[in-house]
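Structure below is run.txt: compact mmCIF, N, CA and C atoms.
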# COMPACT_ATOMS: atom_id res chain seq x y z
N MET A 435 17.59 -36.13 17.60
CA MET A 435 18.21 -35.40 18.69
C MET A 435 17.29 -34.24 19.09
N THR A 436 17.10 -34.08 20.36
CA THR A 436 16.25 -32.99 20.83
C THR A 436 17.13 -31.86 21.33
N GLY A 437 16.58 -30.63 21.26
CA GLY A 437 17.32 -29.46 21.73
C GLY A 437 17.25 -29.36 23.24
N SER A 438 18.05 -28.47 23.75
CA SER A 438 18.04 -28.26 25.19
C SER A 438 16.71 -27.66 25.61
N PRO A 439 16.31 -27.89 26.87
CA PRO A 439 15.03 -27.31 27.33
C PRO A 439 15.00 -25.79 27.21
N ARG A 440 16.13 -25.14 27.44
CA ARG A 440 16.17 -23.68 27.34
C ARG A 440 15.92 -23.22 25.90
N LEU A 441 16.55 -23.93 24.95
CA LEU A 441 16.37 -23.58 23.54
C LEU A 441 14.93 -23.84 23.11
N THR A 442 14.36 -24.96 23.53
CA THR A 442 12.98 -25.28 23.21
C THR A 442 12.04 -24.21 23.76
N TYR A 443 12.27 -23.79 25.00
CA TYR A 443 11.46 -22.74 25.62
C TYR A 443 11.59 -21.43 24.83
N PHE A 444 12.83 -21.08 24.44
CA PHE A 444 13.09 -19.85 23.71
C PHE A 444 12.35 -19.86 22.36
N VAL A 445 12.46 -20.97 21.62
CA VAL A 445 11.79 -21.08 20.32
C VAL A 445 10.28 -21.02 20.49
N HIS A 446 9.75 -21.70 21.50
CA HIS A 446 8.31 -21.68 21.76
C HIS A 446 7.84 -20.27 22.10
N THR A 447 8.60 -19.57 22.92
CA THR A 447 8.26 -18.20 23.32
C THR A 447 8.26 -17.28 22.10
N LEU A 448 9.29 -17.40 21.26
CA LEU A 448 9.35 -16.56 20.07
C LEU A 448 8.17 -16.82 19.15
N SER A 449 7.82 -18.12 18.94
CA SER A 449 6.69 -18.38 18.06
C SER A 449 5.39 -17.89 18.66
N SER A 450 5.26 -17.89 19.97
CA SER A 450 4.05 -17.38 20.61
C SER A 450 3.93 -15.87 20.42
N LEU A 451 5.06 -15.20 20.39
CA LEU A 451 5.06 -13.74 20.26
C LEU A 451 5.03 -13.27 18.81
N ALA A 452 5.11 -14.16 17.86
CA ALA A 452 5.22 -13.78 16.45
C ALA A 452 4.10 -12.83 16.03
N GLY A 453 2.87 -13.08 16.48
CA GLY A 453 1.76 -12.20 16.12
C GLY A 453 1.93 -10.80 16.67
N PHE A 454 2.51 -10.70 17.87
CA PHE A 454 2.73 -9.38 18.48
C PHE A 454 3.91 -8.66 17.84
N LEU A 455 4.87 -9.43 17.34
CA LEU A 455 6.07 -8.83 16.79
C LEU A 455 5.93 -8.49 15.31
N LYS A 456 4.81 -8.85 14.70
CA LYS A 456 4.62 -8.60 13.28
C LYS A 456 4.70 -7.11 13.01
N LYS A 457 5.56 -6.75 12.10
CA LYS A 457 5.78 -5.35 11.77
C LYS A 457 4.58 -4.82 10.99
N THR A 458 4.04 -3.71 11.43
CA THR A 458 2.99 -3.04 10.67
C THR A 458 3.69 -2.05 9.76
N ASP A 459 3.58 -2.28 8.48
CA ASP A 459 4.27 -1.46 7.50
C ASP A 459 3.43 -0.22 7.21
N GLN A 460 4.02 0.94 7.41
CA GLN A 460 3.32 2.18 7.11
C GLN A 460 3.43 2.47 5.62
N LEU A 461 2.33 2.83 5.01
CA LEU A 461 2.32 3.16 3.59
C LEU A 461 2.74 4.61 3.38
N GLY A 462 3.48 4.85 2.32
CA GLY A 462 3.79 6.21 1.92
C GLY A 462 2.62 6.78 1.12
N ASN A 463 2.66 8.08 0.84
CA ASN A 463 1.57 8.73 0.09
C ASN A 463 1.34 8.09 -1.26
N PHE A 464 2.42 7.81 -1.99
CA PHE A 464 2.27 7.25 -3.33
C PHE A 464 1.68 5.84 -3.25
N GLU A 465 2.11 5.05 -2.26
CA GLU A 465 1.54 3.72 -2.08
C GLU A 465 0.05 3.82 -1.76
N GLN A 466 -0.33 4.80 -0.93
CA GLN A 466 -1.75 5.02 -0.64
C GLN A 466 -2.53 5.29 -1.93
N MET A 467 -1.97 6.15 -2.77
CA MET A 467 -2.67 6.50 -4.00
C MET A 467 -2.78 5.30 -4.94
N VAL A 468 -1.72 4.51 -5.05
CA VAL A 468 -1.75 3.34 -5.93
C VAL A 468 -2.76 2.31 -5.42
N LEU A 469 -2.75 2.04 -4.12
CA LEU A 469 -3.72 1.09 -3.57
C LEU A 469 -5.15 1.60 -3.73
N THR A 470 -5.35 2.88 -3.52
CA THR A 470 -6.68 3.46 -3.69
C THR A 470 -7.13 3.32 -5.15
N ALA A 471 -6.22 3.54 -6.08
CA ALA A 471 -6.56 3.40 -7.50
C ALA A 471 -6.93 1.95 -7.83
N VAL A 472 -6.17 0.99 -7.31
CA VAL A 472 -6.47 -0.42 -7.56
C VAL A 472 -7.85 -0.76 -6.99
N MET A 473 -8.11 -0.28 -5.78
CA MET A 473 -9.40 -0.54 -5.14
C MET A 473 -10.54 0.08 -5.95
N ARG A 474 -10.37 1.31 -6.38
CA ARG A 474 -11.42 2.04 -7.11
C ARG A 474 -11.69 1.44 -8.48
N LEU A 475 -10.63 1.01 -9.17
CA LEU A 475 -10.78 0.48 -10.52
C LEU A 475 -11.33 -0.94 -10.55
N GLY A 476 -11.18 -1.66 -9.46
CA GLY A 476 -11.70 -3.03 -9.40
C GLY A 476 -11.12 -3.91 -10.48
N GLU A 477 -11.99 -4.51 -11.28
CA GLU A 477 -11.54 -5.46 -12.29
C GLU A 477 -10.89 -4.79 -13.50
N GLU A 478 -10.89 -3.47 -13.54
CA GLU A 478 -10.25 -2.73 -14.64
C GLU A 478 -8.87 -2.19 -14.23
N ALA A 479 -8.30 -2.72 -13.15
CA ALA A 479 -7.03 -2.21 -12.62
C ALA A 479 -5.85 -2.89 -13.32
N TYR A 480 -5.30 -2.21 -14.31
CA TYR A 480 -4.06 -2.64 -14.95
C TYR A 480 -3.15 -1.42 -15.01
N GLY A 481 -1.90 -1.60 -15.37
CA GLY A 481 -0.89 -0.54 -15.28
C GLY A 481 -1.31 0.83 -15.74
N VAL A 482 -1.75 0.95 -16.99
CA VAL A 482 -2.08 2.27 -17.55
C VAL A 482 -3.28 2.88 -16.84
N SER A 483 -4.33 2.09 -16.59
CA SER A 483 -5.51 2.65 -15.92
C SER A 483 -5.19 3.07 -14.48
N ILE A 484 -4.33 2.30 -13.83
CA ILE A 484 -3.91 2.66 -12.46
C ILE A 484 -3.12 3.97 -12.50
N ASN A 485 -2.22 4.10 -13.46
CA ASN A 485 -1.43 5.33 -13.59
C ASN A 485 -2.34 6.54 -13.82
N GLU A 486 -3.34 6.39 -14.68
CA GLU A 486 -4.27 7.49 -14.94
C GLU A 486 -5.05 7.87 -13.68
N LYS A 487 -5.52 6.86 -12.93
CA LYS A 487 -6.29 7.12 -11.71
C LYS A 487 -5.41 7.78 -10.65
N VAL A 488 -4.16 7.31 -10.52
CA VAL A 488 -3.23 7.92 -9.55
C VAL A 488 -3.00 9.39 -9.93
N GLY A 489 -2.88 9.67 -11.22
CA GLY A 489 -2.73 11.06 -11.67
C GLY A 489 -3.93 11.92 -11.29
N GLU A 490 -5.12 11.35 -11.42
CA GLU A 490 -6.34 12.06 -10.99
C GLU A 490 -6.31 12.33 -9.50
N ILE A 491 -5.96 11.31 -8.73
CA ILE A 491 -5.92 11.45 -7.27
C ILE A 491 -4.87 12.48 -6.85
N ALA A 492 -3.70 12.42 -7.49
CA ALA A 492 -2.60 13.33 -7.15
C ALA A 492 -2.83 14.74 -7.66
N GLY A 493 -3.67 14.87 -8.68
CA GLY A 493 -3.91 16.18 -9.26
C GLY A 493 -2.79 16.62 -10.19
N ARG A 494 -2.00 15.65 -10.65
CA ARG A 494 -0.89 15.94 -11.57
C ARG A 494 -0.49 14.63 -12.26
N PRO A 495 0.16 14.73 -13.41
CA PRO A 495 0.59 13.50 -14.10
C PRO A 495 1.59 12.72 -13.25
N THR A 496 1.53 11.41 -13.36
CA THR A 496 2.48 10.56 -12.65
C THR A 496 3.24 9.70 -13.64
N ASN A 497 4.38 9.20 -13.21
CA ASN A 497 5.24 8.41 -14.06
C ASN A 497 4.80 6.95 -14.04
N LEU A 498 4.53 6.38 -15.20
CA LEU A 498 4.08 5.00 -15.29
C LEU A 498 5.10 4.03 -14.67
N GLY A 499 6.38 4.29 -14.88
CA GLY A 499 7.41 3.45 -14.30
C GLY A 499 7.35 3.43 -12.78
N SER A 500 7.08 4.59 -12.18
CA SER A 500 6.95 4.67 -10.72
C SER A 500 5.77 3.86 -10.23
N VAL A 501 4.69 3.86 -11.01
CA VAL A 501 3.51 3.08 -10.64
C VAL A 501 3.84 1.59 -10.68
N TYR A 502 4.54 1.15 -11.74
CA TYR A 502 4.90 -0.28 -11.83
C TYR A 502 5.85 -0.71 -10.71
N VAL A 503 6.81 0.13 -10.39
CA VAL A 503 7.73 -0.19 -9.29
C VAL A 503 6.96 -0.31 -7.98
N THR A 504 6.03 0.60 -7.76
CA THR A 504 5.20 0.57 -6.55
C THR A 504 4.30 -0.65 -6.52
N LEU A 505 3.71 -1.00 -7.66
CA LEU A 505 2.87 -2.20 -7.73
C LEU A 505 3.69 -3.45 -7.41
N ASP A 506 4.92 -3.53 -7.92
CA ASP A 506 5.79 -4.68 -7.62
C ASP A 506 6.06 -4.75 -6.11
N ARG A 507 6.34 -3.60 -5.50
CA ARG A 507 6.62 -3.55 -4.07
C ARG A 507 5.38 -3.96 -3.27
N LEU A 508 4.21 -3.46 -3.66
CA LEU A 508 2.96 -3.79 -2.96
C LEU A 508 2.62 -5.27 -3.13
N GLU A 509 2.96 -5.83 -4.28
CA GLU A 509 2.73 -7.26 -4.48
C GLU A 509 3.68 -8.08 -3.61
N ALA A 510 4.93 -7.65 -3.50
CA ALA A 510 5.89 -8.35 -2.64
C ALA A 510 5.48 -8.30 -1.17
N LYS A 511 4.82 -7.21 -0.77
CA LYS A 511 4.35 -7.06 0.61
C LYS A 511 3.07 -7.87 0.86
N GLY A 512 2.46 -8.38 -0.21
CA GLY A 512 1.23 -9.16 -0.06
C GLY A 512 -0.03 -8.31 -0.03
N TYR A 513 0.05 -7.07 -0.51
CA TYR A 513 -1.10 -6.17 -0.48
C TYR A 513 -1.95 -6.25 -1.74
N VAL A 514 -1.32 -6.61 -2.86
CA VAL A 514 -2.04 -6.81 -4.11
C VAL A 514 -1.55 -8.11 -4.75
N SER A 515 -2.35 -8.64 -5.64
CA SER A 515 -1.92 -9.77 -6.45
C SER A 515 -2.15 -9.38 -7.90
N SER A 516 -1.53 -10.10 -8.81
CA SER A 516 -1.71 -9.78 -10.22
C SER A 516 -1.90 -11.05 -11.02
N LYS A 517 -2.47 -10.86 -12.19
CA LYS A 517 -2.74 -12.00 -13.07
C LYS A 517 -2.60 -11.52 -14.50
N LEU A 518 -1.92 -12.32 -15.32
CA LEU A 518 -1.77 -12.01 -16.74
C LEU A 518 -2.95 -12.58 -17.52
N THR A 519 -3.42 -11.81 -18.50
CA THR A 519 -4.45 -12.31 -19.40
C THR A 519 -3.79 -13.19 -20.46
N ASP A 520 -4.59 -13.81 -21.26
CA ASP A 520 -4.06 -14.49 -22.44
C ASP A 520 -3.51 -13.43 -23.38
N PRO A 521 -2.59 -13.81 -24.27
CA PRO A 521 -2.08 -12.83 -25.24
C PRO A 521 -3.23 -12.18 -26.02
N LEU A 522 -3.14 -10.88 -26.19
CA LEU A 522 -4.21 -10.13 -26.86
C LEU A 522 -3.73 -9.65 -28.24
N PRO A 523 -4.49 -9.95 -29.31
CA PRO A 523 -4.07 -9.52 -30.65
C PRO A 523 -3.93 -8.00 -30.77
N GLU A 524 -4.83 -7.26 -30.11
CA GLU A 524 -4.76 -5.78 -30.20
C GLU A 524 -3.54 -5.21 -29.49
N ARG A 525 -2.85 -6.04 -28.72
CA ARG A 525 -1.61 -5.61 -28.05
C ARG A 525 -0.39 -6.30 -28.67
N GLY A 526 -0.54 -6.71 -29.93
CA GLY A 526 0.57 -7.36 -30.61
C GLY A 526 0.91 -8.71 -30.01
N GLY A 527 -0.10 -9.37 -29.44
CA GLY A 527 0.12 -10.69 -28.85
C GLY A 527 0.63 -10.64 -27.41
N GLN A 528 0.74 -9.45 -26.86
CA GLN A 528 1.21 -9.30 -25.47
C GLN A 528 0.03 -9.42 -24.50
N PRO A 529 0.25 -10.07 -23.36
CA PRO A 529 -0.82 -10.14 -22.36
C PRO A 529 -0.90 -8.83 -21.57
N LYS A 530 -1.97 -8.67 -20.83
CA LYS A 530 -2.17 -7.51 -19.96
C LYS A 530 -2.16 -8.02 -18.53
N ARG A 531 -1.49 -7.28 -17.62
CA ARG A 531 -1.44 -7.67 -16.21
C ARG A 531 -2.46 -6.86 -15.42
N PHE A 532 -3.40 -7.56 -14.79
CA PHE A 532 -4.41 -6.93 -13.95
C PHE A 532 -4.03 -7.11 -12.48
N TYR A 533 -4.36 -6.12 -11.67
CA TYR A 533 -4.02 -6.13 -10.24
C TYR A 533 -5.29 -6.18 -9.41
N TYR A 534 -5.20 -6.86 -8.28
CA TYR A 534 -6.34 -7.06 -7.39
C TYR A 534 -5.92 -6.78 -5.95
N MET A 535 -6.78 -6.15 -5.19
CA MET A 535 -6.54 -5.90 -3.77
C MET A 535 -6.65 -7.22 -3.01
N LYS A 536 -5.76 -7.38 -2.03
CA LYS A 536 -5.85 -8.52 -1.13
C LYS A 536 -6.32 -7.99 0.22
N ALA A 537 -6.76 -8.87 1.08
CA ALA A 537 -7.25 -8.46 2.41
C ALA A 537 -6.20 -7.66 3.17
N GLU A 538 -4.94 -8.09 3.10
CA GLU A 538 -3.87 -7.36 3.80
C GLU A 538 -3.71 -5.95 3.25
N GLY A 539 -3.91 -5.79 1.94
CA GLY A 539 -3.82 -4.47 1.32
C GLY A 539 -4.93 -3.55 1.78
N ILE A 540 -6.12 -4.10 1.90
CA ILE A 540 -7.26 -3.31 2.39
C ILE A 540 -7.00 -2.89 3.84
N ARG A 541 -6.50 -3.82 4.65
CA ARG A 541 -6.19 -3.51 6.05
C ARG A 541 -5.11 -2.43 6.14
N ALA A 542 -4.04 -2.59 5.37
CA ALA A 542 -2.94 -1.61 5.40
C ALA A 542 -3.41 -0.23 4.94
N LEU A 543 -4.22 -0.20 3.88
CA LEU A 543 -4.72 1.09 3.39
C LEU A 543 -5.64 1.73 4.42
N ASP A 544 -6.50 0.95 5.04
CA ASP A 544 -7.40 1.48 6.06
C ASP A 544 -6.61 2.06 7.23
N GLU A 545 -5.60 1.33 7.73
CA GLU A 545 -4.78 1.83 8.83
C GLU A 545 -4.04 3.10 8.44
N SER A 546 -3.53 3.12 7.23
CA SER A 546 -2.80 4.28 6.75
C SER A 546 -3.71 5.50 6.61
N MET A 547 -4.92 5.28 6.11
CA MET A 547 -5.86 6.38 5.97
C MET A 547 -6.31 6.91 7.33
N GLN A 548 -6.48 6.02 8.30
CA GLN A 548 -6.82 6.46 9.65
C GLN A 548 -5.71 7.34 10.22
N ALA A 549 -4.46 6.94 10.00
CA ALA A 549 -3.33 7.75 10.47
C ALA A 549 -3.32 9.11 9.77
N SER A 550 -3.59 9.12 8.47
CA SER A 550 -3.63 10.39 7.72
C SER A 550 -4.74 11.31 8.24
N ARG A 551 -5.88 10.72 8.59
CA ARG A 551 -6.97 11.53 9.14
C ARG A 551 -6.59 12.12 10.49
N ARG A 552 -5.86 11.35 11.31
CA ARG A 552 -5.42 11.89 12.61
C ARG A 552 -4.45 13.04 12.42
N VAL A 553 -3.53 12.90 11.46
CA VAL A 553 -2.59 13.99 11.17
C VAL A 553 -3.35 15.21 10.69
N SER A 554 -4.28 15.03 9.77
CA SER A 554 -5.06 16.13 9.24
C SER A 554 -5.87 16.82 10.34
N SER A 555 -6.47 16.03 11.21
CA SER A 555 -7.26 16.58 12.30
C SER A 555 -6.38 17.40 13.25
N THR A 556 -5.22 16.87 13.58
CA THR A 556 -4.30 17.58 14.49
C THR A 556 -3.83 18.88 13.85
N PHE A 557 -3.51 18.83 12.55
CA PHE A 557 -3.09 20.03 11.84
C PHE A 557 -4.21 21.07 11.85
N SER A 558 -5.42 20.65 11.50
CA SER A 558 -6.55 21.58 11.44
C SER A 558 -6.81 22.21 12.80
N GLU A 559 -6.76 21.40 13.85
CA GLU A 559 -6.98 21.91 15.21
C GLU A 559 -5.89 22.92 15.58
N SER A 560 -4.65 22.61 15.27
CA SER A 560 -3.55 23.53 15.58
C SER A 560 -3.71 24.84 14.82
N TRP A 561 -4.11 24.74 13.58
CA TRP A 561 -4.30 25.94 12.75
C TRP A 561 -5.43 26.79 13.31
N ARG A 562 -6.54 26.13 13.67
CA ARG A 562 -7.71 26.83 14.20
C ARG A 562 -7.38 27.53 15.51
N LEU A 563 -6.56 26.92 16.35
CA LEU A 563 -6.22 27.50 17.64
C LEU A 563 -5.11 28.55 17.54
N GLY A 564 -4.62 28.78 16.32
CA GLY A 564 -3.59 29.80 16.14
C GLY A 564 -2.23 29.36 16.63
N LYS A 565 -1.99 28.07 16.69
CA LYS A 565 -0.69 27.59 17.15
C LYS A 565 0.36 27.68 16.05
N TRP A 566 -0.05 28.09 14.89
CA TRP A 566 0.88 28.26 13.78
C TRP A 566 1.18 29.75 13.69
N ASP A 567 2.42 30.09 13.84
CA ASP A 567 2.83 31.49 13.82
C ASP A 567 3.53 31.77 12.49
N ARG A 568 2.88 32.49 11.61
CA ARG A 568 3.44 32.76 10.28
C ARG A 568 4.71 33.61 10.37
N ARG A 569 4.92 34.30 11.46
CA ARG A 569 6.12 35.11 11.60
C ARG A 569 7.36 34.26 11.65
N ARG A 570 7.23 32.99 11.95
CA ARG A 570 8.38 32.08 12.03
C ARG A 570 8.88 31.63 10.65
N GLU A 571 8.17 31.97 9.64
CA GLU A 571 8.53 31.50 8.28
C GLU A 571 9.84 32.03 7.83
Can you dump the structure from the file as structure tokens?
Amino acid sequence: MTGSPRLTYFVHTLSSLAGFLKKTDQLGNFEQMVLTAVMRLGEEAYGVSINEKVGEIAGRPTNLGSVYVTLDRLEAKGYVSSKLTDPLPERGGQPKRFYYMKAEGIRALDESMQASRRVSSTFSESWRLGKWDRRRE
């Protein structure tokens, strides 16, 4: 059974627009830091090392649980992938999960960093021009 011509046209139009309608997900600061840590660590990117690098980037200690939750979210978004090692004797037979940047993650981080630079530039320009009035505090 074939659909009505109007329905066929509607479905065809929607599929043609799918690329334009794709939601660009904006990264939060913590997601930026986690993706940057994964990118920087390369093949050494696993939970604890990522948490340590994020702490360095943030300039303060970070919660390992928050890093894992963020990594799970970034993996669900398709920005990182992960792989378990074979069980390791030094870890009591437990495997280690390593994380890798995917092309979409690099693209999302790049777009997010460009937006951050625009915000920073606008802030700096406003500050330099004296558009910030401390008396309003």
#### Entry: Long-range neighbours of segment 508-518 of chain A as a VMD selection string, 12 Å cut-off, only C-alpha atoms, 6 positions minimum in chain
chain A and resid 457 to 462 464 to 473 476 to 481 501 to 502 528 to 544
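Atom CA of Ile491 of chain A sits 22.7 Å away from atom CA of Thr556 of chain A.
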#### Entry: Sel. of alpha helix (DSSP H) residues, segment 501-547 of chain A, as a PyMOL selection string
chain A and resi 501-510+537-547
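Backbone DSSP over segment 472-564 of chain A yields strand (DSSP E) at Val514, Ser515, Ser516, Lys517, Leu518, Arg531, Phe532, Tyr533, Tyr534 and Met535 of chain A.
Interatomic distance, atom CA of Ser558 of chain A to atom CA of Thr496 of chain A: 28.0 Å.
As for atom C of Ser550 of chain A and atom CA of Asn463 of chain A, they are spaced 10.6 Å apart.
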